[in-house]
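K.L.:
My structure file coords.cif, mmCIF, C-alpha atoms, is below:
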```
data_data
#
loop_
_atom_site.group_PDB
_atom_site.id
_atom_site.type_symbol
_atom_site.label_atom_id
_atom_site.label_comp_id
_atom_site.auth_asym_id
_atom_site.auth_seq_id
_atom_site.Cartn_x
_atom_site.Cartn_y
_atom_site.Cartn_z
ATOM 1 C CA MET A 15 109.021 92.863 121.230
ATOM 2 C CA SER A 16 108.583 89.215 121.718
ATOM 3 C CA ARG A 17 105.378 88.089 120.109
ATOM 4 C CA THR A 18 103.835 88.019 123.543
ATOM 5 C CA LEU A 19 104.096 91.768 123.841
ATOM 6 C CA LEU A 20 103.290 92.463 120.217
ATOM 7 C CA LEU A 21 100.322 90.156 120.339
ATOM 8 C CA PHE A 22 99.121 91.873 123.443
ATOM 9 C CA LEU A 23 99.719 95.281 122.007
ATOM 10 C CA ALA A 24 97.655 94.195 119.143
ATOM 11 C CA VAL A 25 95.030 92.989 121.550
ATOM 12 C CA SER A 26 95.214 96.030 123.677
ATOM 13 C CA ARG A 27 96.188 98.673 121.241
ATOM 14 C CA LEU A 28 93.840 96.841 118.993
ATOM 15 C CA ALA A 29 91.177 97.598 121.490
ATOM 16 C CA PHE A 30 92.293 100.944 122.708
ATOM 17 C CA ALA A 31 94.287 103.000 120.348
ATOM 18 C CA ASP A 32 92.666 104.764 117.448
ATOM 19 C CA TYR A 33 95.844 104.397 115.386
ATOM 20 C CA GLY A 34 96.387 107.801 113.706
ATOM 21 C CA TRP A 35 93.537 109.582 115.508
ATOM 22 C CA ILE A 36 95.070 111.090 118.652
ATOM 23 C CA PRO A 37 93.589 112.906 121.682
ATOM 24 C CA GLU A 38 93.055 116.627 121.394
ATOM 25 C CA TYR A 39 95.327 119.024 123.282
ATOM 26 C CA GLN A 40 95.124 118.456 127.076
ATOM 27 C CA LYS A 41 92.696 115.563 126.705
ATOM 28 C CA LEU A 42 93.537 112.305 128.498
ATOM 29 C CA ILE A 43 92.276 108.886 127.472
ATOM 30 C CA ALA A 44 92.765 106.308 130.253
ATOM 31 C CA LYS A 45 92.040 102.589 130.064
ATOM 32 C CA VAL A 46 92.247 99.730 132.523
ATOM 33 C CA GLY A 47 91.549 96.201 131.516
ATOM 34 C CA LEU A 48 92.059 92.466 131.716
ATOM 35 C CA ALA A 49 93.306 90.216 128.911
ATOM 36 C CA LEU A 50 93.332 86.416 128.781
ATOM 37 C CA GLN A 51 95.434 84.353 126.402
ATOM 38 C CA ARG A 52 95.038 80.591 125.880
ATOM 39 C CA SER A 53 97.108 78.308 123.678
ATOM 40 C CA SER A 54 97.994 74.615 123.436
ATOM 41 C CA GLU A 55 99.802 74.894 120.091
ATOM 42 C CA ASN A 56 102.645 76.739 118.390
ATOM 43 C CA PHE A 57 103.228 77.567 114.771
ATOM 44 C CA ASP A 58 106.632 75.897 114.404
ATOM 45 C CA SER A 59 109.602 76.891 112.216
ATOM 46 C CA ASP A 60 107.865 75.354 109.165
ATOM 47 C CA GLY A 61 104.577 77.162 109.805
ATOM 48 C CA GLU A 62 102.875 73.949 110.909
ATOM 49 C CA ARG A 63 100.791 73.621 114.068
ATOM 50 C CA ALA A 64 102.567 71.711 116.820
ATOM 51 C CA ASP A 65 101.878 70.931 120.477
ATOM 52 C CA ILE A 66 103.535 73.043 123.149
ATOM 53 C CA ARG A 67 106.133 70.833 124.806
ATOM 54 C CA VAL A 68 108.073 71.206 128.043
ATOM 55 C CA GLY A 69 110.661 68.472 127.919
ATOM 56 C CA ASN A 70 108.722 65.316 127.040
ATOM 57 C CA SER A 71 105.355 66.652 128.221
ATOM 58 C CA ALA A 72 102.665 68.335 126.109
ATOM 59 C CA GLY A 73 101.515 71.561 127.724
ATOM 60 C CA SER A 74 98.712 74.117 127.684
ATOM 61 C CA PHE A 75 99.641 77.775 128.113
ATOM 62 C CA SER A 76 97.410 80.311 129.882
ATOM 63 C CA GLU A 77 98.022 83.931 130.776
ATOM 64 C CA THR A 78 96.223 86.758 132.551
ATOM 65 C CA ARG A 79 97.250 90.392 132.118
ATOM 66 C CA PHE A 80 96.048 93.434 134.049
ATOM 67 C CA PHE A 81 97.020 96.632 132.293
ATOM 68 C CA LEU A 82 96.820 100.402 132.534
ATOM 69 C CA GLU A 83 97.125 102.530 129.406
ATOM 70 C CA THR A 84 97.018 106.292 129.004
ATOM 71 C CA GLU A 85 97.337 108.634 126.029
ATOM 72 C CA TYR A 86 97.487 112.398 126.469
ATOM 73 C CA GLY A 87 97.464 115.331 124.041
ATOM 74 C CA ILE A 88 100.655 117.096 125.109
ATOM 75 C CA ALA A 89 100.419 119.776 122.393
ATOM 76 C CA GLU A 90 98.441 120.532 119.285
ATOM 77 C CA ASP A 91 98.761 117.453 117.006
ATOM 78 C CA TRP A 92 101.086 115.685 119.493
ATOM 79 C CA ALA A 93 100.264 112.858 121.929
ATOM 80 C CA PHE A 94 102.222 110.743 124.410
ATOM 81 C CA GLY A 95 101.179 107.274 125.561
ATOM 82 C CA PHE A 96 102.146 104.811 128.287
ATOM 83 C CA ARG A 97 101.276 101.193 129.049
ATOM 84 C CA GLY A 98 102.128 99.248 132.182
ATOM 85 C CA GLN A 99 101.048 95.709 132.988
ATOM 86 C CA ILE A 100 101.093 92.897 135.526
ATOM 87 C CA ILE A 101 101.328 89.386 134.090
ATOM 88 C CA SER A 102 100.585 85.927 135.467
ATOM 89 C CA GLY A 103 101.172 82.899 133.264
ATOM 90 C CA ALA A 104 101.479 79.129 133.521
ATOM 91 C CA VAL A 105 101.983 76.022 131.413
ATOM 92 C CA GLU A 106 100.138 72.921 132.638
ATOM 93 C CA GLY A 107 100.582 69.335 131.501
ATOM 94 C CA VAL A 108 97.817 68.287 129.117
ATOM 95 C CA ASN A 109 97.645 64.760 130.548
ATOM 96 C CA SER A 110 98.784 65.256 134.129
ATOM 97 C CA GLY A 111 97.300 68.679 134.881
ATOM 98 C CA ASN A 112 100.469 69.494 136.801
ATOM 99 C CA THR A 113 102.052 72.949 136.546
ATOM 100 C CA LEU A 114 105.150 72.579 134.392
ATOM 101 C CA ALA A 115 106.178 76.257 134.509
ATOM 102 C CA SER A 116 104.738 79.471 135.927
ATOM 103 C CA GLY A 117 105.596 83.107 136.550
ATOM 104 C CA THR A 118 104.018 86.322 137.845
ATOM 105 C CA GLY A 119 105.351 89.866 137.873
ATOM 106 C CA ILE A 120 105.523 93.295 136.257
ATOM 107 C CA GLY A 121 105.679 93.003 132.477
ATOM 108 C CA ASP A 122 107.592 95.120 130.009
ATOM 109 C CA THR A 123 106.618 98.794 129.737
ATOM 110 C CA LEU A 124 105.698 100.496 126.496
ATOM 111 C CA THR A 125 105.753 104.232 125.699
ATOM 112 C CA TRP A 126 104.985 106.039 122.447
ATOM 113 C CA LEU A 127 104.957 109.491 120.918
ATOM 114 C CA LYS A 128 102.658 110.449 118.023
ATOM 115 C CA TYR A 129 102.694 113.432 115.669
ATOM 116 C CA ASN A 130 99.623 113.977 113.494
ATOM 117 C CA PHE A 131 101.265 115.999 110.686
ATOM 118 C CA LYS A 132 98.323 115.770 108.275
ATOM 119 C CA THR A 133 94.963 116.299 109.953
ATOM 120 C CA ASP A 134 92.652 116.313 106.947
ATOM 121 C CA SER A 135 91.490 113.004 105.461
ATOM 122 C CA PRO A 136 93.357 110.834 104.786
ATOM 123 C CA ILE A 137 95.223 111.634 107.997
ATOM 124 C CA LEU A 138 98.906 110.829 108.439
ATOM 125 C CA THR A 139 100.478 110.269 111.867
ATOM 126 C CA LEU A 140 104.028 109.239 112.777
ATOM 127 C CA GLU A 141 104.555 107.121 115.891
ATOM 128 C CA THR A 142 107.712 106.166 117.755
ATOM 129 C CA ARG A 143 107.454 103.308 120.279
ATOM 130 C CA ILE A 144 109.955 102.304 122.930
ATOM 131 C CA LYS A 145 109.677 99.128 124.984
ATOM 132 C CA PHE A 146 111.586 99.013 128.278
ATOM 133 C CA PRO A 147 112.590 95.644 129.825
ATOM 134 C CA THR A 148 110.861 96.145 133.171
ATOM 135 C CA GLY A 149 109.747 92.498 133.117
ATOM 136 C CA SER A 150 112.263 89.801 133.963
ATOM 137 C CA GLY A 151 113.495 87.815 130.957
ATOM 138 C CA SER A 152 115.772 85.475 132.909
ATOM 139 C CA PRO A 153 114.369 82.489 134.867
ATOM 140 C CA ALA A 154 115.704 81.687 138.325
ATOM 141 C CA THR A 155 114.779 77.980 138.069
ATOM 142 C CA ASN A 156 113.759 75.519 135.344
ATOM 143 C CA GLN A 157 110.121 75.835 136.457
ATOM 144 C CA ASP A 158 109.986 79.618 135.979
ATOM 145 C CA LEU A 159 108.023 81.232 133.148
ATOM 146 C CA VAL A 160 109.472 84.657 132.337
ATOM 147 C CA VAL A 161 107.225 87.723 132.103
ATOM 148 C CA GLY A 162 109.460 89.903 129.887
ATOM 149 C CA ASP A 163 111.879 89.871 126.957
ATOM 150 C CA GLY A 164 114.953 91.246 128.720
ATOM 151 C CA ASN A 165 115.668 93.716 125.889
ATOM 152 C CA PHE A 166 114.871 97.146 124.478
ATOM 153 C CA ASP A 167 112.756 97.611 121.345
ATOM 154 C CA LEU A 168 112.415 100.724 119.189
ATOM 155 C CA GLY A 169 109.554 100.868 116.693
ATOM 156 C CA PHE A 170 108.353 103.329 114.041
ATOM 157 C CA LEU A 171 104.918 103.373 112.389
ATOM 158 C CA LEU A 172 103.152 105.523 109.831
ATOM 159 C CA HIS A 173 99.415 105.596 110.564
ATOM 160 C CA THR A 174 97.077 106.365 107.694
ATOM 161 C CA GLY A 175 93.366 106.912 108.285
ATOM 162 C CA HIS A 176 90.342 107.804 106.214
ATOM 163 C CA ARG A 177 86.774 108.520 107.284
ATOM 164 C CA ILE A 178 83.742 107.863 105.112
ATOM 165 C CA GLY A 179 80.686 108.958 107.081
ATOM 166 C CA LYS A 180 80.495 106.622 110.092
ATOM 167 C CA VAL A 181 83.174 104.277 108.724
ATOM 168 C CA PHE A 182 86.852 104.699 109.718
ATOM 169 C CA LEU A 183 89.565 102.910 107.706
ATOM 170 C CA SER A 184 93.114 102.597 109.027
ATOM 171 C CA PHE A 185 96.356 100.990 107.856
ATOM 172 C CA SER A 186 99.690 101.368 109.656
ATOM 173 C CA PRO A 187 102.956 99.904 108.312
ATOM 174 C CA GLY A 188 106.025 100.009 110.533
ATOM 175 C CA PHE A 189 109.489 98.779 111.403
ATOM 176 C CA LEU A 190 110.716 97.351 114.706
ATOM 177 C CA THR A 191 114.361 97.572 115.741
ATOM 178 C CA ARG A 192 115.108 94.958 118.393
ATOM 179 C CA PHE A 193 118.137 94.596 120.621
ATOM 180 C CA GLY A 194 119.445 91.608 122.564
ATOM 181 C CA ASN A 195 119.827 89.185 119.614
ATOM 182 C CA TYR A 196 116.170 89.406 118.568
ATOM 183 C CA SER A 197 115.448 89.763 114.851
ATOM 184 C CA HIS A 198 114.393 93.133 113.472
ATOM 185 C CA ALA A 199 110.923 93.017 111.980
ATOM 186 C CA ILE A 200 108.334 94.657 109.738
ATOM 187 C CA LEU A 201 104.974 95.440 111.393
ATOM 188 C CA TYR A 202 101.491 96.331 110.291
ATOM 189 C CA GLU A 203 98.208 97.239 111.976
ATOM 190 C CA SER A 204 94.887 97.710 110.180
ATOM 191 C CA SER A 205 91.229 98.156 111.070
ATOM 192 C CA VAL A 206 87.743 98.953 109.816
ATOM 193 C CA ARG A 207 85.530 100.676 112.400
ATOM 194 C CA VAL A 208 81.837 101.483 112.109
ATOM 195 C CA ASN A 209 80.342 103.989 114.578
ATOM 196 C CA PHE A 210 76.760 103.906 115.767
ATOM 197 C CA PRO A 211 74.906 105.800 118.533
ATOM 198 C CA ARG A 212 76.791 105.272 121.831
ATOM 199 C CA GLY A 213 79.270 102.755 120.435
ATOM 200 C CA TYR A 214 81.223 101.160 117.617
ATOM 201 C CA LEU A 215 82.205 97.835 116.037
ATOM 202 C CA LYS A 216 85.764 97.267 114.827
ATOM 203 C CA ILE A 217 87.388 94.496 112.776
ATOM 204 C CA PHE A 218 91.181 94.510 112.925
ATOM 205 C CA SER A 219 94.282 92.634 111.863
ATOM 206 C CA ASP A 220 97.915 92.976 112.857
ATOM 207 C CA GLY A 221 101.138 91.203 112.024
ATOM 208 C CA ILE A 222 104.875 90.917 112.516
ATOM 209 C CA PHE A 223 107.387 89.619 109.976
ATOM 210 C CA SER A 224 110.906 88.940 111.249
ATOM 211 C CA LEU A 225 113.696 89.647 108.766
ATOM 212 C CA VAL A 226 116.113 86.866 109.780
ATOM 213 C CA GLU A 227 115.929 83.587 111.680
ATOM 214 C CA GLU A 228 117.199 83.840 115.269
ATOM 215 C CA THR A 229 117.354 81.006 117.780
ATOM 216 C CA LEU A 230 117.949 83.410 120.691
ATOM 217 C CA ASN A 231 118.376 80.913 123.580
ATOM 218 C CA ASP A 232 116.853 77.895 121.819
ATOM 219 C CA SER A 233 119.050 74.895 121.042
ATOM 220 C CA SER A 234 117.934 75.050 117.376
ATOM 221 C CA LEU A 235 115.325 76.615 115.082
ATOM 222 C CA LYS A 236 113.355 73.354 115.250
ATOM 223 C CA ALA A 237 112.911 73.447 119.042
ATOM 224 C CA HIS A 238 111.665 76.082 121.467
ATOM 225 C CA ASP A 239 113.459 75.090 124.648
ATOM 226 C CA ALA A 240 114.835 78.452 125.805
ATOM 227 C CA PRO A 241 114.933 78.593 129.626
ATOM 228 C CA GLY A 242 111.887 80.504 130.859
ATOM 229 C CA SER A 243 109.843 80.042 127.683
ATOM 230 C CA GLY A 244 107.759 77.123 128.950
ATOM 231 C CA GLY A 245 107.833 75.740 125.411
ATOM 232 C CA THR A 246 105.411 78.391 124.079
ATOM 233 C CA TYR A 247 106.388 80.944 121.430
ATOM 234 C CA ALA A 248 104.354 83.461 123.430
ATOM 235 C CA ARG A 249 107.601 83.750 125.376
ATOM 236 C CA LEU A 250 111.160 84.493 124.181
ATOM 237 C CA SER A 251 110.695 83.932 120.463
ATOM 238 C CA GLY A 252 113.817 85.273 118.738
ATOM 239 C CA SER A 253 112.252 85.720 115.282
ATOM 240 C CA PRO A 254 108.442 85.509 115.308
ATOM 241 C CA THR A 255 106.313 85.908 112.198
ATOM 242 C CA GLY A 256 102.544 85.897 112.457
ATOM 243 C CA ILE A 257 99.169 87.381 111.575
ATOM 244 C CA ASN A 258 96.160 87.919 113.873
ATOM 245 C CA LEU A 259 92.522 88.692 113.153
ATOM 246 C CA GLY A 260 89.961 89.938 115.662
ATOM 247 C CA GLY A 261 87.039 92.152 116.526
ATOM 248 C CA ILE A 262 85.980 94.670 119.195
ATOM 249 C CA PHE A 263 82.652 95.956 120.411
ATOM 250 C CA GLY A 264 82.652 99.287 122.278
ATOM 251 C CA PHE A 265 79.734 100.825 124.163
ATOM 252 C CA ARG A 266 79.527 104.228 125.896
ATOM 253 C CA PHE A 267 77.356 103.667 128.956
ATOM 254 C CA TYR A 268 77.720 107.098 130.618
ATOM 255 C CA GLU A 269 78.962 110.413 129.233
ATOM 256 C CA ARG A 270 82.721 109.845 128.716
ATOM 257 C CA TRP A 271 82.845 106.309 130.121
ATOM 258 C CA ALA A 272 82.815 103.243 127.887
ATOM 259 C CA LEU A 273 83.309 99.474 127.894
ATOM 260 C CA GLU A 274 85.218 97.568 125.218
ATOM 261 C CA LEU A 275 85.047 93.800 124.707
ATOM 262 C CA GLY A 276 87.028 91.925 122.089
ATOM 263 C CA ALA A 277 88.820 88.807 120.935
ATOM 264 C CA SER A 278 91.467 87.792 118.416
ATOM 265 C CA HIS A 279 93.122 84.614 117.167
ATOM 266 C CA GLY A 280 96.324 83.766 115.326
ATOM 267 C CA LEU A 281 95.775 82.893 111.661
ATOM 268 C CA TYR A 282 99.289 82.043 110.546
ATOM 269 C CA GLY A 283 102.741 82.043 111.999
ATOM 270 C CA VAL A 284 106.325 80.857 112.133
ATOM 271 C CA ARG A 285 107.833 80.460 115.630
ATOM 272 C CA TYR A 286 104.639 82.069 116.859
ATOM 273 C CA PRO A 287 101.854 81.176 119.330
ATOM 274 C CA ASN A 288 98.595 79.811 117.944
ATOM 275 C CA ALA A 289 96.594 81.600 120.616
ATOM 276 C CA LEU A 290 93.125 82.845 121.463
ATOM 277 C CA ASN A 291 92.979 86.275 123.123
ATOM 278 C CA ILE A 292 89.961 87.662 124.991
ATOM 279 C CA PHE A 293 89.955 91.074 126.668
ATOM 280 C CA GLY A 294 87.807 93.702 128.313
ATOM 281 C CA THR A 295 88.551 97.375 128.879
ATOM 282 C CA LEU A 296 87.057 100.228 130.870
ATOM 283 C CA ARG A 297 87.782 103.503 129.071
ATOM 284 C CA ALA A 298 87.409 107.075 130.311
ATOM 285 C CA GLU A 299 88.118 110.482 128.781
ATOM 286 C CA PHE A 300 89.178 113.545 130.767
ATOM 287 C CA ASP A 301 89.397 117.059 129.374
ATOM 288 C CA PHE A 302 91.894 119.329 131.182
ATOM 289 C CA PHE A 303 91.755 122.162 128.680
ATOM 290 C CA THR A 304 90.890 125.515 130.292
ATOM 291 C CA PRO A 305 89.704 128.185 127.863
ATOM 292 C CA GLU A 306 90.948 131.755 128.230
ATOM 293 C CA THR A 307 88.573 133.676 130.546
ATOM 294 C CA LYS A 308 90.508 136.906 131.086
ATOM 295 C CA LYS A 309 88.971 140.134 129.788
ATOM 296 C CA ARG A 310 90.831 141.503 126.823
ATOM 297 C CA ILE A 311 91.130 145.322 126.514
ATOM 298 C CA ARG A 312 90.535 146.862 123.138
ATOM 299 C CA GLU A 313 91.408 150.286 121.797
ATOM 300 C CA VAL A 314 89.137 153.209 122.839
ATOM 301 C CA PRO A 315 87.861 155.102 119.772
ATOM 302 C CA LEU A 316 88.262 158.897 119.816
ATOM 303 C CA ASP A 317 84.551 159.528 119.154
ATOM 304 C CA SER A 318 83.326 157.378 122.052
ATOM 305 C CA ASP A 319 80.445 158.781 124.126
ATOM 306 C CA GLY A 320 81.704 156.909 127.221
ATOM 307 C CA ASN A 321 78.981 154.258 127.226
ATOM 308 C CA ASP A 322 80.901 151.566 125.313
ATOM 309 C CA LYS A 323 82.657 148.642 127.013
ATOM 310 C CA PHE A 324 86.202 148.364 125.858
ATOM 311 C CA TYR A 325 86.823 144.761 126.939
ATOM 312 C CA ASN A 326 85.444 141.409 125.982
#
```
Let me see the file written as structure tokens.

P.N.:
Amino acid sequence: MSRTLLLFLAVSRLAFADYGWIPEYQKLIAKVGLALQRSSENFDSDGERADIRVGNSAGSFSETRFFLETEYGIAEDWAFGFRGQIISGAVEGVNSGNTLASGTGIGDTLTWLKYNFKTDSPILTLETRIKFPTGSGSPATNQDLVVGDGNFDLGFLLHTGHRIGKVFLSFSPGFLTRFGNYSHAILYESSVRVNFPRGYLKIFSDGIFSLVEETLNDSSLKAHDAPGSGGTYARLSGSPTGINLGGIFGFRFYERWALELGASHGLYGVRYPNALNIFGTLRAEFDFFTPETKKRIREVPLDSDGNDKFYN
């Protein structure tokens, strides 16, 4: 994924997913939310902070994402997830205030399949992720800001999780195979979550480490001038490397309904956005499991006096 998607997955999966802990059989977890990203700087190819530039103008990048995410227990110890999103972004001139690039549309779609093959602590869960290029990665004009990567991604993660009373510890290493001249990458996700009555507090970190340097459509590794990028590495970065740190507060306000509020910021990067992310999520849980209610016949003993019931 371009760092835009990975960063958002970290911000959204950071908020939503419970890493290796998956929904029970026939239980659905659904989330809708809004995420805001703001950035006026990039981490350049030397890891230094640099202004976002569109041509000769310094720019400020802003983005709003509306998303829907679901995860469903399709079988015992198996879960399937889906995320769709609508994205609106723009880069404005720092001095002029004029819009230098903008774009709105359906973003890339993410799906995943999880198998919790070790359910006792520490749990172990395998996840396969596939990103589909449903968002356009090709600009029609020089003023367009793309909303997608234009490529497929295939990722694999091993989620580990351990519970100590009300504290949940999680660490998830992974590998991302990227197509379309993007660099393959190593991933990680980690969190510490503390539960309390009707809610929780989570501290998390996530990162991506590209294995080779790729210019993609840039003129060089020293410049990010790919058409449609708007000068920000939140778009069309061929080989991003970066680490984020953030926190989430979740509160259950009614039965199986909850609110989640969180934020994260980039700590370090190479060809990576130095961005602030703020998000809010409405989460609901639905249980579709129907227990067996049919009467089961049992064997009639030979010495019965006729008063016993032979079903339960």

K.L.:
Please expand the PyMOL selection byres ((chain A and resi 221) around 8) into the concrete residues it hits in this file, giving the result as a tab-separated table (two decimals) with C-alpha atoms, in the coordinates of the input.

P.N.:
```
chain	number	residue	atom	x	y	z
A	201	LEU	CA	104.97	95.44	111.39
A	202	TYR	CA	101.49	96.33	110.29
A	203	GLU	CA	98.21	97.24	111.98
A	219	SER	CA	94.28	92.63	111.86
A	220	ASP	CA	97.92	92.98	112.86
A	222	ILE	CA	104.88	90.92	112.52
A	223	PHE	CA	107.39	89.62	109.98
A	255	THR	CA	106.31	85.91	112.20
A	256	GLY	CA	102.54	85.90	112.46
A	257	ILE	CA	99.17	87.38	111.58
A	258	ASN	CA	96.16	87.92	113.87
```

K.L.:
To test your reading of the syntax: which residues would the PyMOL selection byres ((chain A and resi 244) around 9) return for the file shown? Reply as a PyMOL selection string.

P.N.:
chain A and resi 66-68+73+75+104-105+114-116+156-160+238-243+245-247+249

K.L.:
Grab the atom CA of Tyr33 of chain A to atom CA of His173 of chain A distance for me, in Å with one decimal place.

P.N.:
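These two atoms are separated by 6.1 Å.
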
K.L.:
If we draw a sphere of 12 Å around (119.9, 80.2, 119.2), which residues have at least one atom in it when counting all atoms listed in the file? Please report them as a ChimeraX atom specification.

P.N.:
/A:194-197,227-241,250-253

K.L.:
Print the selection's residues with C-alpha atoms to a file, as an mmCIF file, keeping the file's coordinate frame.

P.N.:
```cif
data_model
loop_
_atom_site.group_PDB
_atom_site.id
_atom_site.type_symbol
_atom_site.label_atom_id
_atom_site.label_comp_id
_atom_site.auth_asym_id
_atom_site.auth_seq_id
_atom_site.Cartn_x
_atom_site.Cartn_y
_atom_site.Cartn_z
ATOM 1 C CA GLY A 194 119.445 91.608 122.564
ATOM 2 C CA ASN A 195 119.827 89.185 119.614
ATOM 3 C CA TYR A 196 116.170 89.406 118.568
ATOM 4 C CA SER A 197 115.448 89.763 114.851
ATOM 5 C CA GLU A 227 115.929 83.587 111.680
ATOM 6 C CA GLU A 228 117.199 83.840 115.269
ATOM 7 C CA THR A 229 117.354 81.006 117.780
ATOM 8 C CA LEU A 230 117.949 83.410 120.691
ATOM 9 C CA ASN A 231 118.376 80.913 123.580
ATOM 10 C CA ASP A 232 116.853 77.895 121.819
ATOM 11 C CA SER A 233 119.050 74.895 121.042
ATOM 12 C CA SER A 234 117.934 75.050 117.376
ATOM 13 C CA LEU A 235 115.325 76.615 115.082
ATOM 14 C CA LYS A 236 113.355 73.354 115.250
ATOM 15 C CA ALA A 237 112.911 73.447 119.042
ATOM 16 C CA HIS A 238 111.665 76.082 121.467
ATOM 17 C CA ASP A 239 113.459 75.090 124.648
ATOM 18 C CA ALA A 240 114.835 78.452 125.805
ATOM 19 C CA PRO A 241 114.933 78.593 129.626
ATOM 20 C CA LEU A 250 111.160 84.493 124.181
ATOM 21 C CA SER A 251 110.695 83.932 120.463
ATOM 22 C CA GLY A 252 113.817 85.273 118.738
ATOM 23 C CA SER A 253 112.252 85.720 115.282
#
```

K.L.:
Between atom CA of Asp65 of chain A and atom CA of Ala49 of chain A, measure the distance and give it in Å to one decimal.

P.N.:
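One can read the atom CA of Asp65 of chain A to atom CA of Ala49 of chain A distance as 22.7 Å.
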
K.L.:
Which residues match the PyMOL selection byres ((chain A and resi 126) around 10) in the file above, as a count of residues only?

P.N.:
18

K.L.:
Please give the centre and size of the box around segment 280-292 of chain A (axis-aligned, containing every atom listed in the file, 8 Å added per side), with values in Å to one decimal and written as lines of an AutoDock Vina configuration file.

P.N.:
```
center_x = 98.9
center_y = 83.7
center_z = 117.8
size_x = 33.9
size_y = 23.9
size_z = 30.4
```

K.L.:
Find the residue from A:Pro136, A:Gly107, A:Pro147, A:Pro287 that sits nearest to Ile120 of chain A; use all atoms listed in the file when measuring.

P.N.:
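Closest residue, counting all atoms listed in the file: A:Pro147.
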
K.L.:
Using all atoms listed in the file, which residue out of A:Gly117, A:Thr174, A:Phe193, A:His279 lies closest to Phe146 of chain A?

P.N.:
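Using all atoms listed in the file, the shortest distance to Phe146 of chain A belongs to A:Phe193.
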
K.L.:
Between atom CA of Leu290 of chain A and atom CA of Arg52 of chain A, what is the distance, to one decimal in Å?

P.N.:
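We find that atom CA of Leu290 of chain A and atom CA of Arg52 of chain A lie 5.3 Å from each other.
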
K.L.:
Given all atoms listed in the file as the basis, pick out the residue of A:Ile178, A:Tyr129, A:Phe81, A:Gly121 nearest to Ser150 of chain A.

P.N.:
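Nearest to Ser150 of chain A: A:Gly121.
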
K.L.:
Taking (104.3, 76.3, 115.7) in the file's coordinates as the center, which residues reach within 8 Å of it, counting all atoms listed in the file, put as a PDB file with C-alpha atoms, keeping the file's coordinate frame?

P.N.:
```
ATOM      1  CA  GLU A  55      99.802  74.894 120.091  1.00  0.00           C
ATOM      2  CA  ASN A  56     102.645  76.739 118.390  1.00  0.00           C
ATOM      3  CA  PHE A  57     103.228  77.567 114.771  1.00  0.00           C
ATOM      4  CA  ASP A  58     106.632  75.897 114.404  1.00  0.00           C
ATOM      5  CA  SER A  59     109.602  76.891 112.216  1.00  0.00           C
ATOM      6  CA  ASP A  60     107.865  75.354 109.165  1.00  0.00           C
ATOM      7  CA  GLY A  61     104.577  77.162 109.805  1.00  0.00           C
ATOM      8  CA  GLU A  62     102.875  73.949 110.909  1.00  0.00           C
ATOM      9  CA  ARG A  63     100.791  73.621 114.068  1.00  0.00           C
ATOM     10  CA  ALA A  64     102.567  71.711 116.820  1.00  0.00           C
ATOM     11  CA  ASP A  65     101.878  70.931 120.477  1.00  0.00           C
ATOM     12  CA  TYR A 247     106.388  80.944 121.430  1.00  0.00           C
ATOM     13  CA  GLY A 283     102.741  82.043 111.999  1.00  0.00           C
ATOM     14  CA  VAL A 284     106.325  80.857 112.133  1.00  0.00           C
ATOM     15  CA  ARG A 285     107.833  80.460 115.630  1.00  0.00           C
ATOM     16  CA  TYR A 286     104.639  82.069 116.859  1.00  0.00           C
ATOM     17  CA  PRO A 287     101.854  81.176 119.330  1.00  0.00           C
ATOM     18  CA  ASN A 288      98.595  79.811 117.944  1.00  0.00           C
TER      19      ASN A 288
END
```

K.L.:
Pick the closest to Thr78 of chain A from A:Asn291, A:Ala298, A:Leu171, A:Ser54: which is it, counting only C-alpha atoms?

P.N.:
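Using only C-alpha atoms, the shortest distance to Thr78 of chain A belongs to A:Asn291.
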
K.L.:
Hey, what's within 10 Å of Leu215 of chain A if we count all atoms listed in the file and toss same-chain stuff fewer than 4 positions away? As a list in words, please?

P.N.:
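Counting only the stated atoms, we get Val181, Val206, Arg207, Val208, Asn209, Phe210, Gly261, Ile262, Phe263, Gly264, Phe265, Glu274, Leu275 and Gly276 of chain A.
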
K.L.:
Given all atoms listed in the file as the basis, pick out the residue of A:Leu172, A:Leu190, A:Ile88, A:Leu296 nearest to Tyr39 of chain A.

P.N.:
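Once distances to Tyr39 of chain A are computed over all atoms listed in the file, the minimum belongs to A:Ile88.
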
K.L.:
Which one is closest to Val161 of chain A: A:Gln40, A:Thr304, A:Thr148, A:Ser205? Count only C-alpha atoms.

P.N.:
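Ranked by minimum distance to Val161 of chain A, first place goes to A:Thr148.
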
K.L.:
Can you pull out every residue within 8 Å of Gly34 of chain A, counting all atoms listed in the file, but drop anything in the same chain fewer than 4 positions away, and send it as an NGL selection string?

P.N.:
:A and (130 or 137-140 or 173-175 or 184)
